[in-house]
Amino acid sequence: MILIDGKKIAKEIREEIKNEISNFKAEGKRSPGLVVILVGDNPASEVYVRNKAKACEEVGFLSVLEKHDSSISEVKLLELIESYNKNKNFDGILVQLPLPKHIDERKVIEAISPLKDVDGFHPVSAGNLMIGNDTFFSCTPWGVQELLARYNIETEGKHVVIVGRSNIVGKPAAMILLQKKKFANAIVTVCHSAAKNISEYTTQADILIAAMGSPEFIKADMVKEGAVVIDVGTNRVEDAENPKGYRLTGDVLFNEVAPKCSYITPVPGGVGPMTIAMLLKNTLKSYKLYGN
Ligand code: GUN
């Protein structure tokens, strides 16, 4: 069994980007810019956005964190997004989800210019991905593909089974891995909570992607011997022995499943760090394609 080291790969990617940015700077060009908008005080979101801002600074991006009280109106938030759509110093706009109940998430996502949609959540990006146009891919599933590629794990003709159908992970993962391209071209099955017997699907997987947000749901008897298991789950579960009062766990019961796998991602340190690395890649892509 080979442990897929997402932390190491993400660091490599950040180093690659950092080198490119120092070349741009040496040529007197501006840095790529990312604004991260956080509404409210969800503790997990606070950690995510802090890490995003830190990663931006480390590679030499311009990074701004717009932190707003949960009472901000939808209109004000839409105006803020519009101001960054027009701001030529910023190539990417990310609104951290989830948003407070009084704000319509779809309206907010659709307010972001598709040219700055570094999360890949805009319907234009999602549609382009579906029909095979180059576009911004959702960062987490793109990170999954990048891990498979950097470990040279063949996907062509392989049966990829994805558990979970979210717009952020499950559905874009299916679309990315379906593409007729290298490190894609897979046979993809998406299964979800309506499956009567989910094991029927998961045991067929050459590559199993667990992305349903259910702690340690995937047990050893649900996985084929020799499968590649990619765990996208990052669940906080109560843990009185941990000083934080919780621990992070994936959607896979790691200790039981790992011995059966050819490759597996740990949690933490697997897919998680890749999300930010791919966000940086999308921001750099936007800068190169549309920045001036
Ligand atoms: N919330 C959880 N994951 C993400 C993400 O990748 N992007 C945004 N904007 N919000 C999230």
# chains A, B, ... in the order shown; residues from 1 in each chain; ligands from 1

$ closest_atom_pairs --of "chain A" --to "ligand 1" --cutoff "7 Å" --atoms "only C-alpha atoms and all ligand atoms" --output "Markdown table"
| residue | atom | partner | partner_atom_place_in_ligand_line | distance |
| --- | --- | --- | --- | --- |
| A:Ser45 | CA | ligand 1 | 1 (N) | 6.9 |
| A:Leu94 | CA | ligand 1 | 9 (N) | 5.3 |
| A:Val95 | CA | ligand 1 | 9 (N) | 4.7 |
| A:Gln96 | CA | ligand 1 | 9 (N) | 3.7 |
| A:Leu97 | CA | ligand 1 | 10 (N) | 3.8 |
| A:Pro98 | CA | ligand 1 | 1 (N) | 6.0 |
| A:Asp119 | CA | ligand 1 | 7 (N) | 5.8 |
| A:Cys139 | CA | ligand 1 | 6 (O) | 6.2 |
| A:Thr140 | CA | ligand 1 | 6 (O) | 6.4 |
| A:Ile168 | CA | ligand 1 | 6 (O) | 6.9 |
| A:Thr275 | CA | ligand 1 | 6 (O) | 6.6 |

$ select_by_dssp --residues "segment 55-255 of chain A" --states "strand (DSSP E or B)" --output "PyMOL selection string"
chain A and resi 62-68+92-95+159-163+187-191+207-210+218+228-231+235-238+246-249+252

$ residues_around --residues "segment 191-203 of chain A" --least-positions-apart "5" --cutoff "6 Å" --atoms "only C-alpha atoms" --output "PyMOL selection string"
chain A and resi 163-164+222-224

$ residues_around --residues "Gly6 of chain A" --least-positions-apart "3" --cutoff "9 Å" --atoms "only C-alpha atoms" --output "list in words"
Ile9, Ala10, Lys11, Gly143, Leu147, Thr265, Pro266, Pro268, Gly269, Gly270, Val271, Gly272, Pro273 and Met274 of chain A

$ residues_around --residues "segment 46-50 of chain A" --least-positions-apart "5" --cutoff "8 Å" --atoms "only C-alpha atoms" --output "ChimeraX atom specification"
/A:36,38,41,65,96

$ write_last_selection --atoms "all heavy atoms" --output "mmCIF file, in the first residue's frame"
data_model
loop_
_atom_site.group_PDB
_atom_site.id
_atom_site.type_symbol
_atom_site.label_atom_id
_atom_site.label_comp_id
_atom_site.auth_asym_id
_atom_site.auth_seq_id
_atom_site.Cartn_x
_atom_site.Cartn_y
_atom_site.Cartn_z
ATOM 1 N N VAL A 36 -10.485 36.873 -1.016
ATOM 2 C CA VAL A 36 -11.301 35.848 -0.366
ATOM 3 C C VAL A 36 -12.316 36.572 0.507
ATOM 4 O O VAL A 36 -11.939 37.396 1.349
ATOM 5 C CB VAL A 36 -10.425 34.900 0.482
ATOM 6 C CG1 VAL A 36 -11.291 33.899 1.224
ATOM 7 C CG2 VAL A 36 -9.416 34.167 -0.401
ATOM 8 N N LEU A 38 -15.207 36.321 3.278
ATOM 9 C CA LEU A 38 -15.767 35.460 4.333
ATOM 10 C C LEU A 38 -16.899 36.208 5.013
ATOM 11 O O LEU A 38 -16.721 37.340 5.464
ATOM 12 C CB LEU A 38 -14.670 35.104 5.352
ATOM 13 C CG LEU A 38 -15.132 34.340 6.598
ATOM 14 C CD1 LEU A 38 -15.655 32.949 6.231
ATOM 15 C CD2 LEU A 38 -13.989 34.198 7.610
ATOM 16 N N ASP A 41 -18.913 33.846 11.080
ATOM 17 C CA ASP A 41 -17.786 33.360 11.894
ATOM 18 C C ASP A 41 -17.804 31.838 12.053
ATOM 19 O O ASP A 41 -17.509 31.317 13.126
ATOM 20 C CB ASP A 41 -17.774 34.065 13.265
ATOM 21 C CG ASP A 41 -19.149 34.031 13.905
ATOM 22 O OD1 ASP A 41 -19.985 33.233 13.438
ATOM 23 O OD2 ASP A 41 -19.370 34.785 14.857
ATOM 24 N N LEU A 65 -8.200 39.570 2.350
ATOM 25 C CA LEU A 65 -9.293 38.860 3.010
ATOM 26 C C LEU A 65 -10.347 39.882 3.392
ATOM 27 O O LEU A 65 -10.088 40.794 4.177
ATOM 28 C CB LEU A 65 -8.763 38.122 4.248
ATOM 29 C CG LEU A 65 -9.816 37.455 5.124
ATOM 30 C CD1 LEU A 65 -10.652 36.455 4.347
ATOM 31 C CD2 LEU A 65 -9.155 36.758 6.315
ATOM 32 N N GLN A 96 -16.262 32.331 0.396
ATOM 33 C CA GLN A 96 -16.239 31.084 1.158
ATOM 34 C C GLN A 96 -17.671 30.642 1.466
ATOM 35 O O GLN A 96 -18.491 31.434 1.927
ATOM 36 C CB GLN A 96 -15.426 31.290 2.455
ATOM 37 C CG GLN A 96 -15.186 30.018 3.251
ATOM 38 C CD GLN A 96 -14.294 28.999 2.554
ATOM 39 O OE1 GLN A 96 -13.459 29.350 1.712
ATOM 40 N NE2 GLN A 96 -14.457 27.742 2.887
#

$ closest_residue --among "A:Ile93, A:Ala53, A:Ile176, A:Ile218" --to "Asp134 of chain A" --atoms "only C-alpha atoms"
A:Ile176

$ residues_around --residues "His68 of chain A" --least-positions-apart "3" --cutoff "8 Å" --atoms "only C-alpha atoms" --output "list in words"
Ile37, Leu38, Val39, Gly40 and Ile72 of chain A

$ closest_residue --among "A:Ala277, A:Leu62, A:Leu78, A:Lys101" --to "Lys8 of chain A" --atoms "only C-alpha atoms"
A:Ala277

$ residues_around --residues "Ile230 of chain A" --least-positions-apart "6" --cutoff "10 Å" --atoms "only C-alpha atoms" --output "PyMOL selection string"
chain A and resi 4+144+147-148+162+207-211+250-252+263-267+270-271

$ write_last_selection --atoms "N, CA, C and O atoms" --output "short mmCIF file (atom, residue, chain, number, x, y, z; two decimals), in the first residue's frame"
data_model
loop_
_atom_site.label_atom_id
_atom_site.label_comp_id
_atom_site.auth_asym_id
_atom_site.auth_seq_id
_atom_site.Cartn_x
_atom_site.Cartn_y
_atom_site.Cartn_z
N ILE A 4 -0.62 8.24 -0.41
CA ILE A 4 -0.51 9.40 -1.31
C ILE A 4 -0.32 10.64 -0.44
O ILE A 4 -1.18 10.99 0.37
N VAL A 144 -7.77 16.15 -6.86
CA VAL A 144 -7.80 14.67 -6.88
C VAL A 144 -7.15 14.17 -8.17
O VAL A 144 -6.30 13.28 -8.16
N LEU A 147 -3.40 14.59 -8.05
CA LEU A 147 -2.74 13.56 -7.22
C LEU A 147 -2.59 12.27 -8.02
O LEU A 147 -1.52 11.64 -8.01
N LEU A 148 -3.65 11.88 -8.71
CA LEU A 148 -3.58 10.65 -9.53
C LEU A 148 -2.48 10.80 -10.58
O LEU A 148 -1.68 9.89 -10.81
N ILE A 162 -17.58 7.25 -7.60
CA ILE A 162 -17.59 8.43 -6.72
C ILE A 162 -18.80 8.30 -5.80
O ILE A 162 -19.91 8.05 -6.26
N ILE A 207 -10.93 2.74 -8.75
CA ILE A 207 -10.58 3.97 -8.02
C ILE A 207 -11.85 4.44 -7.31
O ILE A 207 -12.86 4.71 -7.97
N LEU A 208 -11.79 4.49 -6.01
CA LEU A 208 -12.97 4.89 -5.22
C LEU A 208 -12.73 6.28 -4.65
O LEU A 208 -11.72 6.53 -4.00
N ILE A 209 -13.66 7.18 -4.95
CA ILE A 209 -13.56 8.55 -4.43
C ILE A 209 -14.69 8.75 -3.43
O ILE A 209 -15.87 8.74 -3.80
N ALA A 210 -14.32 8.92 -2.17
CA ALA A 210 -15.33 9.08 -1.12
C ALA A 210 -15.50 10.56 -0.84
O ALA A 210 -14.57 11.22 -0.38
N ALA A 211 -16.68 11.06 -1.16
CA ALA A 211 -16.90 12.51 -1.05
C ALA A 211 -18.33 12.80 -0.63
O ALA A 211 -19.02 13.60 -1.24
N GLY A 250 -11.68 11.33 7.84
CA GLY A 250 -12.20 11.29 6.48
C GLY A 250 -13.52 10.54 6.39
O GLY A 250 -14.14 10.21 7.41
N ASP A 251 -13.91 10.24 5.15
CA ASP A 251 -15.12 9.45 4.90
C ASP A 251 -14.79 7.96 4.85
O ASP A 251 -15.66 7.14 4.61
N VAL A 252 -13.50 7.64 5.05
CA VAL A 252 -13.02 6.26 4.95
C VAL A 252 -12.49 5.84 6.32
O VAL A 252 -11.77 6.60 6.97
N TYR A 263 -3.20 2.20 -3.35
CA TYR A 263 -2.89 3.58 -2.94
C TYR A 263 -4.04 4.09 -2.09
O TYR A 263 -5.20 3.75 -2.35
N ILE A 264 -3.73 4.96 -1.15
CA ILE A 264 -4.80 5.60 -0.36
C ILE A 264 -4.32 6.98 0.10
O ILE A 264 -3.12 7.19 0.33
N THR A 265 -5.27 7.90 0.21
CA THR A 265 -4.94 9.23 0.76
C THR A 265 -5.29 9.26 2.24
O THR A 265 -6.35 8.77 2.64
N PRO A 266 -4.43 9.84 3.07
CA PRO A 266 -4.76 9.98 4.49
C PRO A 266 -5.62 11.23 4.71
O PRO A 266 -5.72 12.08 3.84
N VAL A 267 -6.21 11.34 5.88
CA VAL A 267 -6.88 12.57 6.32
C VAL A 267 -6.39 12.85 7.74
O VAL A 267 -6.56 11.99 8.59
N GLY A 270 -4.00 14.47 2.79
CA GLY A 270 -4.21 13.84 1.49
C GLY A 270 -4.75 14.86 0.50
O GLY A 270 -4.01 15.70 -0.02
N VAL A 271 -6.06 14.80 0.28
CA VAL A 271 -6.70 15.71 -0.69
C VAL A 271 -6.73 17.15 -0.17
O VAL A 271 -6.59 18.10 -0.95
#

$ select_by_dssp --residues "segment 56-122 of chain A" --states "alpha helix (DSSP H)" --output "compact mmCIF listing (two decimals) with all heavy atoms, in the first residue's frame"
# COMPACT_ATOMS: atom_id res chain seq x y z
N CYS A 56 -1.41 32.23 -0.46
CA CYS A 56 -1.25 33.28 -1.47
C CYS A 56 -0.01 34.11 -1.19
O CYS A 56 0.80 34.38 -2.09
CB CYS A 56 -2.46 34.22 -1.45
SG CYS A 56 -3.86 33.59 -2.32
N GLU A 57 0.12 34.52 0.08
CA GLU A 57 1.27 35.35 0.44
C GLU A 57 2.58 34.61 0.20
O GLU A 57 3.54 35.17 -0.31
CB GLU A 57 1.16 35.80 1.90
CG GLU A 57 0.17 36.96 2.06
CD GLU A 57 -0.47 37.00 3.43
OE1 GLU A 57 0.11 36.45 4.39
OE2 GLU A 57 -1.58 37.57 3.53
N GLU A 58 2.59 33.33 0.56
CA GLU A 58 3.83 32.55 0.43
C GLU A 58 4.32 32.43 -1.02
O GLU A 58 5.51 32.36 -1.26
CB GLU A 58 3.65 31.15 1.03
CG GLU A 58 3.84 31.17 2.54
CD GLU A 58 3.49 29.84 3.20
OE1 GLU A 58 3.33 28.84 2.46
OE2 GLU A 58 3.38 29.83 4.42
N VAL A 59 3.39 32.38 -1.96
CA VAL A 59 3.83 32.26 -3.36
C VAL A 59 4.02 33.63 -4.02
O VAL A 59 4.45 33.71 -5.17
CB VAL A 59 2.88 31.40 -4.24
CG1 VAL A 59 2.82 29.98 -3.73
CG2 VAL A 59 1.49 32.01 -4.34
N GLU A 74 -27.58 40.88 1.39
CA GLU A 74 -27.25 40.25 0.11
C GLU A 74 -26.86 41.31 -0.92
O GLU A 74 -25.89 41.13 -1.67
CB GLU A 74 -28.47 39.45 -0.37
CG GLU A 74 -28.23 38.64 -1.60
CD GLU A 74 -29.46 37.87 -2.01
OE1 GLU A 74 -29.71 36.79 -1.44
OE2 GLU A 74 -30.19 38.36 -2.90
N VAL A 75 -27.58 42.42 -0.91
CA VAL A 75 -27.29 43.50 -1.86
C VAL A 75 -25.87 44.01 -1.68
O VAL A 75 -25.12 44.17 -2.65
CB VAL A 75 -28.32 44.65 -1.70
CG1 VAL A 75 -27.90 45.88 -2.50
CG2 VAL A 75 -29.70 44.19 -2.10
N LYS A 76 -25.49 44.25 -0.42
CA LYS A 76 -24.12 44.76 -0.15
C LYS A 76 -23.07 43.76 -0.61
O LYS A 76 -22.03 44.13 -1.17
CB LYS A 76 -23.95 45.02 1.36
CG LYS A 76 -24.52 46.34 1.82
CD LYS A 76 -23.42 47.42 1.84
CE LYS A 76 -23.94 48.80 2.13
NZ LYS A 76 -24.55 49.50 1.00
N LEU A 77 -23.33 42.49 -0.37
CA LEU A 77 -22.37 41.45 -0.77
C LEU A 77 -22.24 41.41 -2.30
O LEU A 77 -21.13 41.33 -2.83
CB LEU A 77 -22.81 40.09 -0.22
CG LEU A 77 -21.88 38.91 -0.50
CD1 LEU A 77 -20.47 39.14 0.05
CD2 LEU A 77 -22.45 37.61 0.10
N LEU A 78 -23.36 41.53 -2.98
CA LEU A 78 -23.33 41.52 -4.45
C LEU A 78 -22.58 42.75 -4.98
O LEU A 78 -21.82 42.65 -5.95
CB LEU A 78 -24.76 41.46 -5.02
CG LEU A 78 -25.54 40.17 -4.70
CD1 LEU A 78 -26.97 40.25 -5.22
CD2 LEU A 78 -24.85 38.93 -5.26
N GLU A 79 -22.75 43.88 -4.30
CA GLU A 79 -22.03 45.10 -4.70
C GLU A 79 -20.52 44.93 -4.50
O GLU A 79 -19.72 45.37 -5.33
CB GLU A 79 -22.51 46.31 -3.88
CG GLU A 79 -23.85 46.87 -4.36
CD GLU A 79 -24.43 47.92 -3.41
OE1 GLU A 79 -23.74 48.31 -2.43
OE2 GLU A 79 -25.58 48.31 -3.64
N LEU A 80 -20.18 44.30 -3.39
CA LEU A 80 -18.76 44.06 -3.10
C LEU A 80 -18.13 43.18 -4.19
O LEU A 80 -17.04 43.46 -4.70
CB LEU A 80 -18.64 43.37 -1.72
CG LEU A 80 -17.23 43.06 -1.25
CD1 LEU A 80 -16.49 44.35 -0.90
CD2 LEU A 80 -17.27 42.14 -0.01
N ILE A 81 -18.85 42.14 -4.56
CA ILE A 81 -18.35 41.24 -5.61
C ILE A 81 -18.17 42.02 -6.92
O ILE A 81 -17.15 41.89 -7.59
CB ILE A 81 -19.31 40.03 -5.80
CG1 ILE A 81 -19.25 39.15 -4.55
CG2 ILE A 81 -18.96 39.23 -7.06
CD1 ILE A 81 -20.33 38.09 -4.49
N GLU A 82 -19.15 42.85 -7.24
CA GLU A 82 -19.08 43.63 -8.48
C GLU A 82 -17.86 44.55 -8.47
O GLU A 82 -17.20 44.74 -9.50
CB GLU A 82 -20.39 44.41 -8.69
CG GLU A 82 -20.53 45.10 -10.03
CD GLU A 82 -20.25 44.22 -11.26
OE1 GLU A 82 -20.39 43.00 -11.18
OE2 GLU A 82 -19.84 44.79 -12.29
N SER A 83 -17.54 45.10 -7.29
CA SER A 83 -16.38 46.00 -7.24
C SER A 83 -15.08 45.23 -7.54
O SER A 83 -14.19 45.74 -8.21
CB SER A 83 -16.30 46.72 -5.89
OG SER A 83 -15.89 45.84 -4.88
N TYR A 84 -15.02 43.98 -7.10
CA TYR A 84 -13.83 43.16 -7.41
C TYR A 84 -13.87 42.63 -8.85
O TYR A 84 -12.82 42.38 -9.44
CB TYR A 84 -13.67 42.02 -6.39
CG TYR A 84 -13.05 42.51 -5.11
CD1 TYR A 84 -13.82 42.75 -3.98
CD2 TYR A 84 -11.68 42.78 -5.03
CE1 TYR A 84 -13.25 43.23 -2.80
CE2 TYR A 84 -11.10 43.25 -3.87
CZ TYR A 84 -11.89 43.48 -2.76
OH TYR A 84 -11.31 43.95 -1.61
N ASN A 85 -15.05 42.46 -9.40
CA ASN A 85 -15.13 42.08 -10.83
C ASN A 85 -14.42 43.13 -11.68
O ASN A 85 -13.77 42.82 -12.69
CB ASN A 85 -16.58 41.99 -11.30
CG ASN A 85 -17.26 40.69 -10.88
OD1 ASN A 85 -16.59 39.70 -10.56
ND2 ASN A 85 -18.59 40.69 -10.86
N LYS A 86 -14.54 44.39 -11.24
CA LYS A 86 -14.00 45.51 -12.03
C LYS A 86 -12.55 45.82 -11.68
O LYS A 86 -11.88 46.54 -12.42
CB LYS A 86 -14.84 46.76 -11.78
CG LYS A 86 -16.25 46.65 -12.33
CD LYS A 86 -16.94 48.00 -12.24
CE LYS A 86 -18.36 47.95 -12.71
NZ LYS A 86 -19.30 48.46 -11.68
N GLU A 105 -27.06 31.67 -2.05
CA GLU A 105 -25.74 31.23 -2.50
C GLU A 105 -25.61 31.26 -4.03
O GLU A 105 -24.59 31.68 -4.58
CB GLU A 105 -25.51 29.80 -1.99
CG GLU A 105 -24.16 29.60 -1.37
CD GLU A 105 -24.11 28.37 -0.47
OE1 GLU A 105 -24.11 27.24 -1.00
OE2 GLU A 105 -24.05 28.55 0.75
N ARG A 106 -26.66 30.84 -4.71
CA ARG A 106 -26.62 30.80 -6.18
C ARG A 106 -26.44 32.20 -6.77
O ARG A 106 -25.66 32.40 -7.70
CB ARG A 106 -27.89 30.15 -6.77
CG ARG A 106 -27.96 28.67 -6.51
CD ARG A 106 -27.79 27.82 -7.78
NE ARG A 106 -26.59 28.11 -8.55
CZ ARG A 106 -25.43 27.43 -8.46
NH1 ARG A 106 -25.31 26.44 -7.63
NH2 ARG A 106 -24.41 27.74 -9.22
N LYS A 107 -27.17 33.15 -6.18
CA LYS A 107 -27.06 34.53 -6.69
C LYS A 107 -25.63 35.04 -6.52
O LYS A 107 -25.10 35.73 -7.39
CB LYS A 107 -27.98 35.45 -5.86
CG LYS A 107 -29.28 35.76 -6.52
CD LYS A 107 -29.90 36.95 -5.79
CE LYS A 107 -31.39 36.96 -5.96
NZ LYS A 107 -32.05 37.89 -5.05
N VAL A 108 -25.03 34.69 -5.39
CA VAL A 108 -23.66 35.15 -5.09
C VAL A 108 -22.68 34.50 -6.06
O VAL A 108 -21.83 35.19 -6.65
CB VAL A 108 -23.30 34.82 -3.61
CG1 VAL A 108 -21.83 35.03 -3.34
CG2 VAL A 108 -24.16 35.68 -2.68
N ILE A 109 -22.79 33.22 -6.26
CA ILE A 109 -21.88 32.51 -7.18
C ILE A 109 -22.01 33.09 -8.59
O ILE A 109 -21.03 33.31 -9.29
CB ILE A 109 -22.18 30.99 -7.16
CG1 ILE A 109 -21.74 30.39 -5.82
CG2 ILE A 109 -21.50 30.28 -8.32
CD1 ILE A 109 -22.19 28.96 -5.58
N GLU A 110 -23.26 33.37 -8.98
CA GLU A 110 -23.48 33.88 -10.34
C GLU A 110 -23.07 35.33 -10.50
O GLU A 110 -22.92 35.82 -11.62
CB GLU A 110 -24.95 33.66 -10.74
CG GLU A 110 -25.22 32.19 -10.98
CD GLU A 110 -26.66 31.85 -11.28
OE1 GLU A 110 -27.38 32.71 -11.81
OE2 GLU A 110 -27.05 30.71 -10.97
N ALA A 111 -22.87 36.03 -9.39
CA ALA A 111 -22.43 37.43 -9.47
C ALA A 111 -20.94 37.53 -9.78
O ALA A 111 -20.46 38.57 -10.25
CB ALA A 111 -22.74 38.14 -8.15

$ atom_distance --atom1 "atom CA of Val169 of chain A" --atom2 "atom CA of Gly60 of chain A"
27.7 Å

$ closest_residue --among "A:Gln145, A:Phe217, A:Gln204, A:Gly226" --to "Ala184 of chain A" --atoms "only C-alpha atoms"
A:Gln145

$ closest_residue --among "A:Leu177, A:Val35, A:Ile13, A:Val229" --to "Ala258 of chain A" --atoms "only C-alpha atoms"
A:Val229

$ closest_residue --among "A:Ser166, A:Leu280, A:Leu115, A:Pro243" --to "Lys54 of chain A" --atoms "only C-alpha atoms"
A:Leu280

$ atom_distance --atom1 "atom CA of Thr155 of chain A" --atom2 "atom CA of Lys180 of chain A"
10.8 Å

$ atom_distance --atom1 "atom CA of Asp5 of chain A" --atom2 "atom CA of Val228 of chain A"
13.5 Å

$ closest_residue --among "A:Gly291, A:Asn42, A:Val161, A:Ser138" --to "Asn87 of chain A" --atoms "only C-alpha atoms"
A:Gly291
